[in-house]
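> Can you read through this structure? Questions will come right after.
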Amino acid sequence: MQRRNTVYGFIGILVALVALSCGQQMVEEAAAPAADAPPPGAKHYQVDPFWPQELPDNWLMGQVIGVAVDSRDHIWVLHRPLSLTPRERGAADDPPTADCCVPAPPVIEFDPAGNVVQAWGGPADGYEWPSSEHGIFIDYKDNVWIGGNGDDDGLVLKFSRDGNFLLHIGTPGETGDSHDVQRLHSPADIGVDPDANEVYIADGYTNRRVIVFDADNGEYKRHWGAYGRSPDDSPLDPYDPNADPSPIFGDTVHCVVLSAQGLVYVCDRMNRRLQIFEKDGTFLHEGFIGRQMAGTSVWDIDFSHDDNQTFLYNADGGNHYLWSVRRDGLDNIEQIGRRGRNAGQFESPHSLAIDSHGNLYIGETLDGRRMQKFVPTGAQGL
């Protein structure tokens, strides 16, 4: 019996030593950061499948083509009512051909809970509404700017918060090339600089430039193309992932976003890159987002709300992802989602905006035609 107890005691000591060794190894592994761990402050996100709330009045949204957040953390959406199919808008027929649905007005304001606050927009006397809506921005005075990327669209429109028309930039019924200082052609996006009260336009789908105007009277200020050079409208070569970076903007100058540091970020969608400029058009640097084998990855961006805007987020509508990116250096950190129609997946994520709490709002176009909200998780949020 004594010998058996001695053996059992020896075995117990061995088990304890092994457990201690494993435990120490687990502690050391937990203390060491993973090689692919995101940097401090980077957020992980999960979808809120119940945002927004059900739309009133039998409304249905078409292709979501612009998303913005205002000073109240209200979310503004621009969509394309005409993109709904005849079957989808059957309740609007006379007589109705179905119980649902009716196209929602193109501009919709949501509160943070996802309730509709107001909606307006569309053709009316006094201004020319675009044939194909594209891009929305809420400026520091709570004015609402929209654009349009139809073949004959050459205007950016400015409205008050409640939908009163204030200003058009461009010439109604006319379009111009990338050197025209009065006319636009298929503008894609808008940003307003509160310091100088200037509006920056990504002009955009036919032209290949950024152009700047006075935000109150529409007076022309300046414009530039890729690398801050004179715009180039010559024919484009097909995208080649193995070629040197293109010296000109690609098929779409798709976004223009001003950072808190006073820099101008421009989405060159086809060339999967962001180009960064000073406000006078001086080129600073560029960075590439997404994977090299696929172009059309840089559709829209917005910045995190920490003082340094440490991170930016990119809607990759070509590959159906959301990317988190370190703003300095433009290093890809994390890919969020995948192509699909379930909550948290994407079908052509086109536009995004971030509220002051770090919530992400993503609008999907083409066959997606919906809004999704993503909520930050973890204790390191900014």
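Identifiers in this document derive from the order of the structure tokens: chains are assigned A, B, ..., residues are numbered from 1 separately in each chain, and ligands are numbered from 1 in order of occurrence.
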If you count only C-alpha atoms, which residues fall within 6 Å of stretch 195-206 of chain A, apart from same-chain ones fewer than 3 positions away, as a ChimeraX atom specification?
/A:185-192,209-215,252-256
> Report as a PyMOL selection string all protein, DNA and RNA residues lying within 12 Å of A:Trp51, evaluated on only C-alpha atoms, omitting residues in the same chain fewer than 2 positions from it.
chain A and resi 47-49+53-55+75+110-116+343-344+359-362+370-375
> Do you know which residues are at most 8 Å from A:Gly122 counting only C-alpha atoms, after dropping those on the same chain fewer than 3 positions away, and could you put them as a ChimeraX atom specification?
/A:105-106,129
> What is the atom CA of A:Arg208 to atom CA of A:Asp177 distance in Å?
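These two atoms are separated by 8.6 Å.
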